[in-house]
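Undergrad: Data file final-v4.cif (mmCIF, C-alpha atoms) is appended below.
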```cif
data_upload
#
loop_
_atom_site.label_atom_id
_atom_site.label_comp_id
_atom_site.auth_asym_id
_atom_site.auth_seq_id
_atom_site.Cartn_x
_atom_site.Cartn_y
_atom_site.Cartn_z
CA MET A 105 -5.56 -8.33 -16.98
CA GLY A 106 -2.65 -10.66 -16.94
CA ALA A 107 -1.88 -8.03 -19.30
CA SER A 108 -5.19 -8.59 -20.88
CA ASP A 109 -8.02 -9.47 -18.51
CA PRO A 110 -11.01 -7.90 -20.25
CA GLU A 111 -12.72 -6.94 -17.03
CA VAL A 112 -9.83 -4.61 -16.26
CA ALA A 113 -8.14 -4.06 -19.60
CA PRO A 114 -8.14 -0.34 -20.39
CA TRP A 115 -9.72 -0.74 -23.79
CA LEU A 116 -12.97 -1.71 -22.11
CA ARG A 117 -13.38 1.98 -21.64
CA CYS A 118 -13.12 2.44 -25.36
CA GLY A 119 -16.82 2.90 -25.79
CA GLY A 120 -16.75 6.26 -24.13
CA ARG A 121 -13.20 7.19 -24.45
CA GLY A 122 -11.99 4.12 -26.09
CA MET A 123 -13.31 1.37 -28.28
CA VAL A 124 -11.58 1.92 -23.73
CA GLY A 125 -12.98 3.57 -19.40
CA ALA A 126 -10.30 4.88 -19.61
CA GLY A 127 -11.40 2.97 -20.17
CA PRO A 128 -9.48 1.35 -18.60
CA GLY A 129 -9.59 5.01 -17.77
CA ALA A 130 -10.72 4.62 -18.58
CA GLY A 131 -12.79 2.03 -18.33
CA GLY A 132 -16.82 -0.37 -23.17
CA ALA A 133 -17.81 -1.04 -26.64
CA GLU A 134 -19.44 1.47 -28.88
CA ALA A 135 -22.68 0.86 -30.64
CA GLY A 136 -22.43 -0.76 -34.06
CA ALA A 137 -22.30 1.41 -37.13
CA PRO A 138 -25.09 1.44 -39.72
CA PRO A 139 -24.76 -0.57 -42.92
CA GLY A 140 -22.44 0.98 -45.46
CA ALA A 141 -20.19 2.54 -42.86
CA GLY A 142 -17.12 1.75 -44.96
CA VAL A 143 -13.78 0.34 -43.95
CA TRP A 144 -14.33 1.21 -40.32
CA GLY A 145 -17.88 0.02 -39.78
CA LEU A 146 -17.81 1.51 -36.25
CA HIS A 147 -16.59 4.86 -35.00
CA PRO A 148 -12.83 4.86 -34.46
CA PRO A 149 -11.76 3.32 -31.14
CA ARG A 150 -10.76 5.56 -28.31
CA PRO A 151 -8.03 5.32 -25.73
CA PRO A 152 -8.07 3.61 -22.36
CA GLN A 153 -9.33 5.18 -19.17
CA SER A 154 -11.88 4.40 -16.46
CA SER A 155 -14.85 2.18 -17.21
CA SER A 156 -17.21 5.12 -16.80
CA ARG A 157 -16.13 6.20 -20.27
CA ARG A 158 -18.23 3.41 -21.78
CA VAL A 159 -21.14 5.81 -22.05
CA GLU A 160 -19.23 8.93 -23.05
CA ALA A 161 -19.46 8.23 -26.77
CA ALA A 162 -23.22 8.36 -26.56
CA ALA A 163 -23.03 11.45 -24.40
CA VAL A 164 -20.73 13.19 -26.85
CA ALA A 165 -23.05 12.33 -29.71
CA ALA A 166 -25.97 13.84 -27.83
CA LEU A 167 -24.00 16.93 -26.89
CA GLY A 168 -22.86 17.42 -30.43
CA SER A 169 -26.22 17.05 -32.16
CA GLY A 170 -28.23 20.09 -33.04
CA ASP A 171 -31.46 18.83 -31.49
CA SER A 172 -29.98 17.64 -28.19
CA SER A 173 -31.64 19.05 -25.09
CA ALA A 174 -30.48 19.78 -21.58
CA ALA A 175 -32.53 16.80 -20.43
CA THR A 176 -30.67 14.47 -22.79
CA GLU A 177 -27.35 15.87 -21.63
CA ALA A 178 -28.30 15.34 -17.99
CA LEU A 179 -29.45 11.80 -18.78
CA PHE A 180 -26.10 10.78 -20.21
CA LEU A 181 -24.21 12.45 -17.38
CA ALA A 182 -26.33 10.51 -14.89
CA LEU A 183 -25.73 7.30 -16.81
CA GLY A 184 -22.00 7.94 -16.81
CA ALA A 185 -22.07 8.62 -13.08
CA GLY A 186 -23.87 5.33 -12.50
CA VAL A 187 -21.29 3.34 -14.46
CA THR A 188 -18.47 5.12 -12.63
CA ALA A 189 -19.99 4.32 -9.24
CA LEU A 190 -20.62 0.66 -10.07
CA SER A 191 -17.09 0.14 -11.42
CA HIS A 192 -15.38 2.05 -8.61
CA PRO A 193 -14.56 -0.94 -6.36
CA LEU A 194 -12.80 -2.60 -9.31
CA PHE A 195 -10.87 0.58 -10.04
CA TYR A 196 -10.01 1.03 -6.36
CA VAL A 197 -8.58 -2.46 -5.90
CA LYS A 198 -6.64 -2.13 -9.13
CA LEU A 199 -5.01 1.11 -7.95
CA LEU A 200 -3.94 -0.40 -4.62
CA ILE A 201 -2.34 -3.27 -6.52
CA GLN A 202 -0.65 -0.82 -8.86
CA VAL A 203 1.06 0.98 -5.97
CA GLY A 204 2.27 -2.38 -4.65
CA HIS A 205 0.09 -2.67 -1.56
CA GLU A 206 -0.32 -6.36 -0.73
CA PRO A 207 -1.93 -6.68 2.73
CA LEU A 208 -2.59 -10.41 2.34
CA PRO A 209 0.00 -13.17 1.94
CA PRO A 210 0.22 -15.19 -1.29
CA THR A 211 -1.29 -18.65 -1.52
CA VAL A 212 0.13 -21.79 -3.09
CA GLY A 213 -1.56 -23.08 -6.22
CA THR A 214 -0.76 -25.11 -9.30
CA ASN A 215 -0.43 -24.08 -12.91
CA VAL A 216 -1.64 -25.97 -15.99
CA LEU A 217 1.48 -28.15 -15.84
CA GLY A 218 0.77 -29.17 -12.27
CA ARG A 219 3.67 -27.20 -10.84
CA LYS A 220 3.28 -25.31 -7.58
CA VAL A 221 3.20 -21.53 -7.95
CA PHE A 222 2.38 -18.61 -5.66
CA TYR A 223 -0.69 -16.50 -6.32
CA LEU A 224 -1.52 -13.14 -4.79
CA PRO A 225 -5.14 -12.50 -3.69
CA ASN A 226 -7.55 -11.79 -6.53
CA PHE A 227 -10.02 -8.93 -6.73
CA PHE A 228 -12.72 -10.64 -4.66
CA THR A 229 -10.36 -11.55 -1.80
CA TYR A 230 -8.83 -8.07 -1.84
CA ALA A 231 -12.26 -6.40 -1.82
CA ARG A 232 -13.34 -8.52 1.15
CA HIS A 233 -10.25 -7.33 3.02
CA ILE A 234 -11.17 -3.69 2.34
CA VAL A 235 -14.69 -4.34 3.63
CA GLN A 236 -13.27 -5.91 6.80
CA VAL A 237 -11.12 -2.84 7.42
CA ASP A 238 -13.37 0.03 6.28
CA GLY A 239 -16.79 -1.52 5.83
CA LYS A 240 -18.73 -1.64 2.58
CA ARG A 241 -18.54 2.13 2.20
CA GLY A 242 -14.78 1.78 2.14
CA LEU A 243 -15.01 0.31 -1.35
CA PHE A 244 -16.10 3.75 -2.56
CA ARG A 245 -13.27 5.81 -1.16
CA GLY A 246 -12.33 8.56 -3.64
CA LEU A 247 -15.54 8.23 -5.63
CA SER A 248 -16.63 11.90 -5.46
CA PRO A 249 -13.65 13.42 -7.32
CA ARG A 250 -13.79 10.55 -9.78
CA LEU A 251 -17.44 11.31 -10.56
CA MET A 252 -16.52 14.95 -11.13
CA SER A 253 -13.62 13.95 -13.36
CA SER A 254 -15.89 11.74 -15.45
CA ALA A 255 -18.48 14.50 -15.82
CA LEU A 256 -15.83 17.05 -16.84
CA SER A 257 -14.43 14.63 -19.40
CA THR A 258 -17.87 14.05 -20.94
CA LEU A 259 -18.75 17.73 -21.06
CA SER A 260 -15.39 18.80 -22.47
CA ARG A 261 -15.53 16.18 -25.23
CA GLY A 262 -19.00 17.36 -26.18
CA SER A 263 -17.92 21.00 -26.17
CA VAL A 264 -14.91 20.30 -28.39
CA LYS A 265 -17.06 18.30 -30.78
CA LYS A 266 -19.54 21.15 -31.08
CA ALA A 267 -16.80 23.75 -31.48
CA PHE A 268 -14.88 21.72 -34.06
CA PRO A 269 -17.35 19.42 -35.83
CA LEU A 270 -15.90 16.68 -38.00
CA GLU A 271 -16.98 16.97 -41.61
CA GLU A 272 -18.68 13.91 -43.04
CA LEU A 273 -16.43 12.22 -45.58
CA GLU A 274 -17.51 10.32 -48.64
CA HIS A 275 -17.93 6.56 -48.15
CA VAL A 276 -14.93 4.59 -49.34
CA SER A 277 -14.20 0.91 -48.87
CA ASN A 278 -12.52 -0.67 -51.88
CA LYS A 279 -8.84 -1.45 -52.13
CA ASP A 280 -8.72 1.06 -54.99
CA ASP A 281 -9.65 3.73 -52.44
CA VAL A 282 -7.03 2.85 -49.83
CA LYS A 283 -5.34 6.25 -50.05
CA THR A 284 -8.67 8.05 -49.76
CA SER A 285 -9.86 5.89 -46.87
CA LEU A 286 -6.53 6.34 -45.10
CA ARG A 287 -6.96 10.10 -45.29
CA LYS A 288 -10.39 9.65 -43.75
CA VAL A 289 -8.96 7.56 -40.90
CA VAL A 290 -6.19 10.11 -40.28
CA LYS A 291 -8.70 12.95 -40.18
CA GLU A 292 -11.09 11.12 -37.85
CA THR A 293 -8.28 9.99 -35.55
CA SER A 294 -6.80 13.48 -35.41
CA HIS A 295 -10.18 14.89 -34.44
CA GLU A 296 -10.66 12.21 -31.80
CA MET A 297 -7.14 12.84 -30.48
CA VAL A 298 -7.87 16.55 -29.97
CA MET A 299 -11.08 15.75 -28.08
CA GLN A 300 -9.32 13.16 -25.95
CA CYS A 301 -6.34 15.33 -25.08
CA VAL A 302 -8.53 18.30 -24.14
CA SER A 303 -10.79 16.18 -21.93
CA ARG A 304 -7.75 14.52 -20.33
CA VAL A 305 -6.10 17.83 -19.44
CA ILE A 306 -9.30 19.31 -18.03
CA SER A 307 -10.25 16.29 -15.93
CA HIS A 308 -6.73 15.31 -14.77
CA PRO A 309 -6.59 17.48 -11.60
CA LEU A 310 -9.64 15.67 -10.21
CA HIS A 311 -8.14 12.36 -11.31
CA VAL A 312 -5.05 13.15 -9.20
CA ILE A 313 -7.20 13.99 -6.17
CA SER A 314 -9.18 10.77 -6.60
CA MET A 315 -5.98 8.69 -6.77
CA ARG A 316 -4.60 10.23 -3.61
CA CYS A 317 -7.85 9.80 -1.70
CA MET A 318 -7.86 6.09 -2.54
CA VAL A 319 -4.25 5.27 -1.72
CA GLN A 320 -4.70 6.72 1.76
CA PHE A 321 -5.96 3.25 2.58
CA VAL A 322 -2.33 2.06 2.62
CA GLY A 323 -1.12 4.31 5.43
CA ARG A 324 -4.53 5.06 7.00
CA GLU A 325 -3.98 8.78 6.36
CA VAL A 326 -6.68 11.45 6.19
CA LYS A 327 -4.68 14.15 4.42
CA TYR A 328 -6.97 14.26 1.40
CA SER A 329 -10.62 14.29 2.41
CA SER A 330 -12.92 16.65 0.53
CA VAL A 331 -12.29 17.92 -2.98
CA LEU A 332 -11.94 21.55 -1.91
CA SER A 333 -9.49 20.84 0.92
CA SER A 334 -7.47 18.59 -1.41
CA ILE A 335 -7.23 21.37 -3.97
CA GLY A 336 -5.91 23.71 -1.29
CA LYS A 337 -3.32 21.21 -0.02
CA ILE A 338 -1.99 20.37 -3.48
CA PHE A 339 -1.74 24.02 -4.51
CA LYS A 340 0.00 24.97 -1.26
CA GLU A 341 2.52 22.11 -1.29
CA GLU A 342 3.16 21.54 -5.01
CA GLY A 343 1.83 24.56 -6.82
CA LEU A 344 -0.17 24.49 -10.02
CA LEU A 345 1.94 21.71 -11.52
CA GLY A 346 0.89 19.42 -8.69
CA PHE A 347 -2.50 19.03 -10.34
CA PHE A 348 -0.92 17.66 -13.50
CA VAL A 349 1.58 15.09 -12.23
CA GLY A 350 1.31 11.94 -14.33
CA LEU A 351 -0.43 13.77 -17.17
CA ILE A 352 2.25 13.19 -19.84
CA PRO A 353 2.26 9.36 -19.72
CA HIS A 354 -1.54 9.35 -19.76
CA LEU A 355 -1.59 11.60 -22.83
CA LEU A 356 1.06 9.52 -24.58
CA GLY A 357 -0.90 6.36 -23.83
CA ASP A 358 -4.06 7.89 -25.25
CA VAL A 359 -2.33 9.03 -28.44
CA VAL A 360 -0.49 5.74 -29.01
CA PHE A 361 -3.69 3.79 -28.41
CA LEU A 362 -5.76 5.88 -30.81
CA TRP A 363 -3.31 5.85 -33.69
CA GLY A 364 -2.14 2.29 -33.19
CA CYS A 365 -5.62 0.83 -32.95
CA ASN A 366 -7.14 2.89 -35.77
CA LEU A 367 -4.31 2.39 -38.24
CA LEU A 368 -3.90 -1.34 -37.58
CA ALA A 369 -7.61 -1.94 -37.98
CA HIS A 370 -7.69 0.19 -41.12
CA PHE A 371 -4.93 -1.69 -42.92
CA ILE A 372 -6.31 -5.09 -41.92
CA ASN A 373 -9.80 -4.15 -43.08
CA ALA A 374 -8.58 -2.49 -46.28
CA TYR A 375 -6.23 -5.25 -47.43
CA LEU A 376 -7.64 -8.44 -45.94
CA VAL A 377 -11.41 -7.92 -45.87
CA ASP A 378 -13.12 -7.63 -49.24
CA ASP A 379 -16.43 -5.84 -49.77
CA SER A 380 -17.75 -8.81 -51.72
CA PHE A 381 -17.73 -10.86 -48.53
CA SER A 382 -21.26 -10.94 -47.13
CA GLN A 383 -20.11 -10.51 -43.53
CA ALA A 384 -17.54 -7.82 -44.28
CA LEU A 385 -19.06 -5.25 -41.90
CA ALA A 386 -19.20 -7.72 -39.02
CA VAL A 387 -15.64 -8.89 -39.63
CA ARG A 388 -14.42 -5.28 -39.68
CA SER A 389 -16.18 -4.60 -36.42
CA TYR A 390 -14.48 -7.57 -34.76
CA THR A 391 -11.14 -6.49 -36.21
CA LYS A 392 -11.36 -3.25 -34.29
CA PHE A 393 -12.49 -5.16 -31.24
CA VAL A 394 -9.41 -7.39 -31.33
CA MET A 395 -7.08 -4.49 -32.14
CA GLY A 396 -8.46 -2.62 -29.14
CA ILE A 397 -7.51 -5.48 -26.85
CA ALA A 398 -4.05 -5.89 -28.36
CA VAL A 399 -3.12 -2.22 -28.36
CA SER A 400 -4.49 -1.65 -24.85
CA MET A 401 -2.16 -4.37 -23.60
CA LEU A 402 0.78 -2.54 -25.14
CA THR A 403 -0.24 0.86 -23.73
CA TYR A 404 -1.05 -0.34 -20.21
CA PRO A 405 2.42 0.71 -18.87
CA PHE A 406 1.55 4.34 -19.69
CA LEU A 407 -1.57 4.05 -17.54
CA LEU A 408 0.40 2.46 -14.70
CA VAL A 409 3.19 5.02 -14.77
CA GLY A 410 0.72 7.91 -14.91
CA ASP A 411 -1.18 6.63 -11.87
CA LEU A 412 2.00 6.00 -9.88
CA MET A 413 3.30 9.49 -10.63
CA ALA A 414 0.00 10.97 -9.43
CA VAL A 415 0.63 9.64 -5.92
CA ASN A 416 4.44 9.65 -5.80
CA ASN A 417 6.11 11.78 -3.12
CA CYS A 418 2.87 13.51 -2.13
CA GLY A 419 3.23 12.88 1.58
CA LEU A 420 1.37 9.56 1.58
CA LEU A 421 2.92 6.23 2.50
CA ALA A 422 1.86 4.68 -0.83
CA GLY A 423 4.08 7.14 -2.69
CA LEU A 424 7.16 6.67 -0.54
CA PRO A 425 9.58 3.80 0.19
CA PRO A 426 9.17 0.85 0.63
CA TYR A 427 6.21 1.01 -1.71
CA SER A 428 7.88 3.27 -4.21
CA PRO A 429 11.12 5.21 -4.64
CA VAL A 430 10.81 8.95 -5.07
CA PHE A 431 10.87 9.34 -8.85
CA LYS A 432 12.50 12.30 -10.54
CA SER A 433 10.30 11.97 -13.62
CA TRP A 434 7.86 9.60 -15.28
CA ILE A 435 10.75 8.23 -17.37
CA HIS A 436 12.60 7.37 -14.15
CA CYS A 437 9.44 5.58 -12.95
CA TRP A 438 9.16 3.66 -16.24
CA ARG A 439 12.78 2.53 -16.09
CA TYR A 440 12.44 1.41 -12.47
CA LEU A 441 9.32 -0.64 -13.19
CA SER A 442 10.98 -2.12 -16.28
CA MET A 443 14.01 -3.26 -14.29
CA GLN A 444 11.71 -4.79 -11.67
CA GLY A 445 9.61 -6.55 -14.31
CA GLN A 446 6.56 -4.66 -13.06
CA LEU A 447 5.38 -2.67 -16.09
CA PHE A 448 2.13 -4.64 -16.10
CA ARG A 449 1.52 -4.65 -12.35
CA GLY A 450 -2.19 -4.43 -11.65
CA SER A 451 -3.23 -5.44 -15.15
CA SER A 452 -4.66 -8.71 -13.85
CA LEU A 453 -7.19 -8.87 -11.04
CA LEU A 454 -8.07 -12.55 -11.16
CA PHE A 455 -4.98 -14.71 -11.70
CA ARG A 456 -2.09 -12.88 -10.07
CA ARG A 457 0.86 -15.18 -10.26
CA ILE A 458 4.09 -14.03 -8.58
CA SER A 459 6.94 -13.85 -11.06
CA ALA A 460 10.58 -14.31 -10.16
CA ALA A 461 11.26 -10.61 -10.79
CA SER A 462 8.36 -9.39 -8.67
CA SER A 463 8.95 -7.42 -5.51
CA PHE A 464 6.07 -6.42 -3.24
CA SER A 465 5.63 -4.97 0.20
CA ILE A 466 3.66 -7.61 2.08
CA ASP A 467 2.12 -6.15 5.24
#
```
Please lay out the structure from this file as structure tokens.

TA:
Amino acid sequence: MGASDPEVAPWLRCGGRGMVGAGPGAGGAEAGAPPGAGVWGLHPPRPPQSSSRRVEAAAVAALGSGDSSAATEALFLALGAGVTALSHPLFYVKLLIQVGHEPLPPTVGTNVLGRKVFYLPNFFTYARHIVQVDGKRGLFRGLSPRLMSSALSTLSRGSVKKAFPLEELEHVSNKDDVKTSLRKVVKETSHEMVMQCVSRVISHPLHVISMRCMVQFVGREVKYSSVLSSIGKIFKEEGLLGFFVGLIPHLLGDVVFLWGCNLLAHFINAYLVDDSFSQALAVRSYTKFVMGIAVSMLTYPFLLVGDLMAVNNCGLLAGLPPYSPVFKSWIHCWRYLSMQGQLFRGSSLLFRRISAASSFSID
């Protein structure tokens, strides 16, 4: 994502968990709102995670409706699983780049000014390398726990929505109603934040297992194989807290994304877009779209730090020097990446220019 490549940018998951699948996550856009939807036009954007979250919004809606059936629920879970599986190679390559694994040497290219610069392999070159080493099935390493994590996230969001339904608020859209509409945004965002935080906590243990299964590619380990054996290893070596390493930066990223995106879009739509404008609803929809991109760029470091903490000092080469120091906390990790100029490492999968401050382990 350079910090913003849309094919990787976390807000793309905002349809299910975000506007992103989260997102990243993780990892989509929500359906448009009906006419007269007010200042927001669409449902409030959601935080980044894997791209499988593109369909979670629809799933949550189905789970929360009174006439939803088990068949409908299963349909959306299957759809979410399909999106997760299709996006997994992208997610896998991104994670390997995040941990600093660069198995291929950089190439010389030119920038727009004609100057020679070094570029690291893009997603397609990296994926071909994985296929050469592990075969085509190797692109789907760690998929099983990720599918389970996605399903748990969808089900938990639906359960929270049914347990704590959001009351419908009166339509407001004029500048005279800014205070009223702001209260509506705050209430909707608070409700969405609760759903997101609950689903994040519940699905995070499987997210950790998935991360560790994938980064075994770096050191060719087989420590984490099946989900059940991985649960046993983590509990034995790290205790219960081992399942929640990296959770805090992920939660902070989700909260900052939700409030930042929703409030920015609200004030822009309330003060700059007038109801008398014939295309007001469309403009408001695009405002949220743009805000989702901008805020996801700012919150990407939370996603990176959370993923690095999930694999740090867990007995795998990818979480140990020279790939990574042993971090005392996620704040220590953040500061280290900041000093190295690497807070956006892995955000771009196409044009990966080497900066002067970059430091990688080239195998």

Undergrad: Translate the PyMOL selection byres ((chain A and resi 192-194) around 8) into a concrete residue list for this structure, as a ChimeraX atom specification.

TA: /A:112,188-191,195-198,227,231,243-244,247

Undergrad: Could you tell me which residues the PyMOL selection byres ((chain A and resi 450) around 6) grabs in this file, written as a short mmCIF file (atom, residue, chain, number, x, y, z; two decimals) with C-alpha atoms, in the frame of the given file?

TA:
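In the end it all went to result16.cif:
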```
data_model
loop_
_atom_site.label_atom_id
_atom_site.label_comp_id
_atom_site.auth_asym_id
_atom_site.auth_seq_id
_atom_site.Cartn_x
_atom_site.Cartn_y
_atom_site.Cartn_z
CA LYS A 198 -6.64 -2.13 -9.13
CA ILE A 201 -2.34 -3.27 -6.52
CA GLN A 202 -0.65 -0.82 -8.86
CA ARG A 449 1.52 -4.65 -12.35
CA SER A 451 -3.23 -5.44 -15.15
CA SER A 452 -4.66 -8.71 -13.85
#
```

Undergrad: With a distance cut-off of 9 Å and all atoms listed in the file, select the neighbouring residues of range 334-343 of chain A, excluding the residue or stretch itself and same-chain residues fewer than 3 positions from it, and output the selection as an mmCIF file with C-alpha atoms, in the frame of the given file.

TA:
```cif
data_model
loop_
_atom_site.group_PDB
_atom_site.id
_atom_site.type_symbol
_atom_site.label_atom_id
_atom_site.label_comp_id
_atom_site.auth_asym_id
_atom_site.auth_seq_id
_atom_site.Cartn_x
_atom_site.Cartn_y
_atom_site.Cartn_z
ATOM 1 C CA PRO A 309 -6.590 17.480 -11.600
ATOM 2 C CA LEU A 310 -9.640 15.670 -10.210
ATOM 3 C CA ILE A 313 -7.200 13.990 -6.170
ATOM 4 C CA CYS A 317 -7.850 9.800 -1.700
ATOM 5 C CA LYS A 327 -4.680 14.150 4.420
ATOM 6 C CA TYR A 328 -6.970 14.260 1.400
ATOM 7 C CA SER A 329 -10.620 14.290 2.410
ATOM 8 C CA SER A 330 -12.920 16.650 0.530
ATOM 9 C CA VAL A 331 -12.290 17.920 -2.980
ATOM 10 C CA GLY A 346 0.890 19.420 -8.690
ATOM 11 C CA PHE A 347 -2.500 19.030 -10.340
ATOM 12 C CA CYS A 418 2.870 13.510 -2.130
#
```

Undergrad: Which one of A:Asn215, A:Ser294, A:Ser248, A:Ser400 sits closest to Phe268 in chain A if you count only C-alpha atoms?

TA: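 Residue with the minimum atom-to-atom distance to Phe268 in chain A: A:Ser294.
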
Undergrad: Can you work out the spacing between CA of Phe431 in chain A and CA of Leu200 in chain A in Å, to one decimal?

TA: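 So the answer is 18.2 Å.
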
Undergrad: Just to confirm, what's the straight-line distance from CA of Arg456 in chain A to CA of Pro426 in chain A in Å (one decimal)?

TA: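 Interatomic distance, CA of Arg456 in chain A to CA of Pro426 in chain A: 20.7 Å.
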
Undergrad: Measure the distance from CA of Leu356 in chain A to CA of Trp434 in chain A in Å and round it to one decimal.

TA: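 CA of Trp434 in chain A lies 11.5 Å from CA of Leu356 in chain A.
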
Undergrad: How about completing range 357-364 of chain A with all heavy atoms and giving it to me as a PDB file, keeping the file's coordinate frame?

TA:
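Contents of out-v4.pdb, freshly written:
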```pdb
ATOM      1  N   GLY A 357      -0.157   7.605 -23.699  1.00  0.00           N
ATOM      2  CA  GLY A 357      -0.900   6.360 -23.830  1.00  0.00           C
ATOM      3  C   GLY A 357      -2.145   6.518 -24.659  1.00  0.00           C
ATOM      4  O   GLY A 357      -2.471   5.663 -25.500  1.00  0.00           O
ATOM      5  N   ASP A 358      -2.855   7.627 -24.467  1.00  0.00           N
ATOM      6  CA  ASP A 358      -4.060   7.890 -25.250  1.00  0.00           C
ATOM      7  C   ASP A 358      -3.742   8.020 -26.735  1.00  0.00           C
ATOM      8  O   ASP A 358      -4.423   7.443 -27.591  1.00  0.00           O
ATOM      9  CB  ASP A 358      -4.728   9.190 -24.775  1.00  0.00           C
ATOM     10  CG  ASP A 358      -5.324   9.053 -23.378  1.00  0.00           C
ATOM     11  OD1 ASP A 358      -5.463   7.910 -22.903  1.00  0.00           O
ATOM     12  OD2 ASP A 358      -5.640  10.095 -22.772  1.00  0.00           O
ATOM     13  N   VAL A 359      -2.690   8.793 -27.037  1.00  0.00           N
ATOM     14  CA  VAL A 359      -2.330   9.030 -28.440  1.00  0.00           C
ATOM     15  C   VAL A 359      -1.855   7.743 -29.107  1.00  0.00           C
ATOM     16  O   VAL A 359      -2.270   7.420 -30.232  1.00  0.00           O
ATOM     17  CB  VAL A 359      -1.234  10.123 -28.524  1.00  0.00           C
ATOM     18  CG1 VAL A 359      -0.698  10.231 -29.948  1.00  0.00           C
ATOM     19  CG2 VAL A 359      -1.802  11.468 -28.067  1.00  0.00           C
ATOM     20  N   VAL A 360      -0.994   6.993 -28.434  1.00  0.00           N
ATOM     21  CA  VAL A 360      -0.490   5.740 -29.010  1.00  0.00           C
ATOM     22  C   VAL A 360      -1.635   4.757 -29.225  1.00  0.00           C
ATOM     23  O   VAL A 360      -1.711   4.077 -30.256  1.00  0.00           O
ATOM     24  CB  VAL A 360       0.583   5.113 -28.092  1.00  0.00           C
ATOM     25  CG1 VAL A 360       0.961   3.717 -28.573  1.00  0.00           C
ATOM     26  CG2 VAL A 360       1.818   6.004 -28.056  1.00  0.00           C
ATOM     27  N   PHE A 361      -2.554   4.692 -28.269  1.00  0.00           N
ATOM     28  CA  PHE A 361      -3.690   3.790 -28.410  1.00  0.00           C
ATOM     29  C   PHE A 361      -4.544   4.165 -29.613  1.00  0.00           C
ATOM     30  O   PHE A 361      -4.909   3.310 -30.429  1.00  0.00           O
ATOM     31  CB  PHE A 361      -4.542   3.796 -27.141  1.00  0.00           C
ATOM     32  CG  PHE A 361      -5.748   2.897 -27.224  1.00  0.00           C
ATOM     33  CD1 PHE A 361      -5.672   1.576 -26.841  1.00  0.00           C
ATOM     34  CD2 PHE A 361      -6.957   3.375 -27.718  1.00  0.00           C
ATOM     35  CE1 PHE A 361      -6.770   0.730 -26.936  1.00  0.00           C
ATOM     36  CE2 PHE A 361      -8.062   2.558 -27.818  1.00  0.00           C
ATOM     37  CZ  PHE A 361      -7.969   1.231 -27.420  1.00  0.00           C
ATOM     38  N   LEU A 362      -4.894   5.432 -29.715  1.00  0.00           N
ATOM     39  CA  LEU A 362      -5.760   5.880 -30.810  1.00  0.00           C
ATOM     40  C   LEU A 362      -5.152   5.575 -32.175  1.00  0.00           C
ATOM     41  O   LEU A 362      -5.785   4.943 -33.028  1.00  0.00           O
ATOM     42  CB  LEU A 362      -6.012   7.382 -30.694  1.00  0.00           C
ATOM     43  CG  LEU A 362      -7.195   7.819 -29.831  1.00  0.00           C
ATOM     44  CD1 LEU A 362      -7.197   9.331 -29.673  1.00  0.00           C
ATOM     45  CD2 LEU A 362      -8.501   7.349 -30.449  1.00  0.00           C
ATOM     46  N   TRP A 363      -3.923   6.031 -32.379  1.00  0.00           N
ATOM     47  CA  TRP A 363      -3.310   5.850 -33.690  1.00  0.00           C
ATOM     48  C   TRP A 363      -2.973   4.392 -33.974  1.00  0.00           C
ATOM     49  O   TRP A 363      -3.197   3.905 -35.089  1.00  0.00           O
ATOM     50  CB  TRP A 363      -2.050   6.716 -33.801  1.00  0.00           C
ATOM     51  CG  TRP A 363      -2.374   8.167 -33.964  1.00  0.00           C
ATOM     52  CD1 TRP A 363      -2.372   9.127 -33.005  1.00  0.00           C
ATOM     53  CD2 TRP A 363      -2.794   8.817 -35.176  1.00  0.00           C
ATOM     54  NE1 TRP A 363      -2.756  10.341 -33.531  1.00  0.00           N
ATOM     55  CE2 TRP A 363      -3.018  10.180 -34.864  1.00  0.00           C
ATOM     56  CE3 TRP A 363      -2.998   8.383 -36.483  1.00  0.00           C
ATOM     57  CZ2 TRP A 363      -3.438  11.106 -35.808  1.00  0.00           C
ATOM     58  CZ3 TRP A 363      -3.400   9.307 -37.437  1.00  0.00           C
ATOM     59  CH2 TRP A 363      -3.618  10.644 -37.099  1.00  0.00           C
ATOM     60  N   GLY A 364      -2.473   3.695 -32.981  1.00  0.00           N
ATOM     61  CA  GLY A 364      -2.140   2.290 -33.190  1.00  0.00           C
ATOM     62  C   GLY A 364      -3.356   1.458 -33.518  1.00  0.00           C
ATOM     63  O   GLY A 364      -3.356   0.665 -34.469  1.00  0.00           O
TER      64      GLY A 364
END
```
